[in-house]
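Undergrad: First, the structure itself, so that you have it in front of you.
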Amino acid sequence: MIKGFLTLLIFQWLGELITLATGAPIPGPVFGMLLLLLALLIRQKASQSLQESSHTLIQYLSLLFLPAGVGIFFLSDAIQAQWLAIAGAMILGTFISMYFSAVLAKKLLGEQ
Amino acid sequence: MMEPLTSLIPVSWQSAFSTQLQMSELTAIVLTLGSFQLGLWFYQKSKRFILLHPVIIGGICIAAFLNYYSISYDHYKESSRLFYFLLGPATVALAIPLFQEFHHIRKLSKTVLITVIAGGTAAVVSAIGIAYILGADDTILRSLAAKSVTTPIALGISEKIGGLATLTTGVVVFTGIFGAIMSPLVFRLSGLADPRLQGIVLGINAHGIGTALAFERNASSGAFASLAMGLTGTFTALTVPYAISLLSYL
């Protein structure tokens with residue numbers, strides 16, 4: 001568990017290093033994730049410890065972003081005034097892109 | 001000092017209580033874990049009714065607590081940064097399910113990749129387009145860009161492109177919930193019956209919440225959802241920051 005967690009932190013550290021060094025507008029942990037994926041694809045297996053620690057983190061992902069999510073109740077009045085645009089993007093936007101993806105996926109599988 | 005009940009408690013205990021409330025990281029962590037646990041309990045009791053998602057119930061509990069004891073949100077955010085910190089390694093951890101489901105790509109490579117790229121783009125464009133038409137300002141547009149992506153990646157993107165992390169988190173959570181709720185209707189309207197393809201659509205548009213729903217229905221649907229979620233997050237993180245800075249030039 002500790003070994004797996006350490007692996008995740010080291011890959012995050014490397015990812016942050018890439019972001020810093022290149023000045024790319026891409027979050028460091030995303031580079032860390034890609035590096036780890038690459039390493040796993042080369043080694044062709046993920047250790048028990050790594051599987052356990054990542055499973056634990058992913059399982060409680062919603063707990064981890066709960067404090068940030070609470071901020072939605074404390075938004076400034078200027079932002080609250082634009083609730084219609086936010087709700088429209090969330091509901092209508094999600095419906096449109098979902099329908100589009102579904103039609104596209106169906107069409108592509110038919111061709112394959 | 002605050003309410004009738006506390007006036008029965010000796011003054012030294014009262015001041016210790018309010019000091020502990022205002023200062024302690026421990027308080028913030030106990031509050032967060034306790035509220036999440038309560039949310040989880042409601043969620044399980046309601047047989048996983050999506051609108052009672054632990055984040056919604058837990059978030060309401062925390063907000064009510066902060067309001068009741070007049071603790072500022074910024075203060076709470078500062079005291080609970082342990083959770084925020086763990087989002088970093090949690091993002092890296094997404095490589096493991098991605099690796100484990102990677103072989104599915106080979107079977108349906110064209111469908112998976114094209115749907116992820118086109119669907120992931122459609123998610124960003126439709127969100128920003130609708131908000132723009134409805135008169136949202138620049139900050140809101142930036143906060144909405146990553147709305148369909150898994151939360152830890154969306155938060156990272158939002159920070160990089162100048163969105164509000166708190167707004168992004170809320171929007172991402174509700175996008176996942178609405179996506180999961182609307183999915184049966186979308187699958188009926190589009191006539192999409194293949195569970196693998198349904199998984200892909202859920203992973204692209206409703207991230208972790210959609211993926212959890214896909215796993216409940218069918219293991220292979222869940223595997224494809226988890227793959228599509230990881231790929232969409234990666235694709236969005238690698239493209240949206242550049243697209244936004246390009247748009248700012250124009």
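Going by the structure tokens order, chains are called A, B, ..., each with residues numbered from 1, while ligands are numbered from 1 in the order shown.
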If the cut-off is 7 Å, can you tell me the residues of chain A near chain B, counting only C-alpha atoms? I'd like them as a PyMOL selection string.
TA: chain A and resi 8-9+12+25-27+29-30+32-34+36-37+40-41+51+54+57-58+62-74+82+85-86+88-91+93-94+97-106+108-109
Undergrad: When you draw a straight line from CA of Gln48 (chain A) to CA of His103 (chain B), how long is it in Å?
TA: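 These atoms are spaced 19.4 Å apart.
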Undergrad: Would you please extract all helix (DSSP H, G or I) residues from region 38-75 of chain B, as assigned by DSSP on the backbone, and give them as JSON, numbers by chain?
TA: {"B": [38, 39, 40, 41, 42, 43, 44, 45, 50, 51, 52, 54, 55, 56, 57, 58, 59, 60, 61, 62, 63, 64, 65, 66, 67, 68, 73, 74, 75]}
Undergrad: Between CA of Phe5 (chain A) and CA of Ser49 (chain A), what distance in Å does the model show, to one decimal?
TA: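 Calculated distance between CA of Phe5 (chain A) and CA of Ser49 (chain A) is 8.0 Å.
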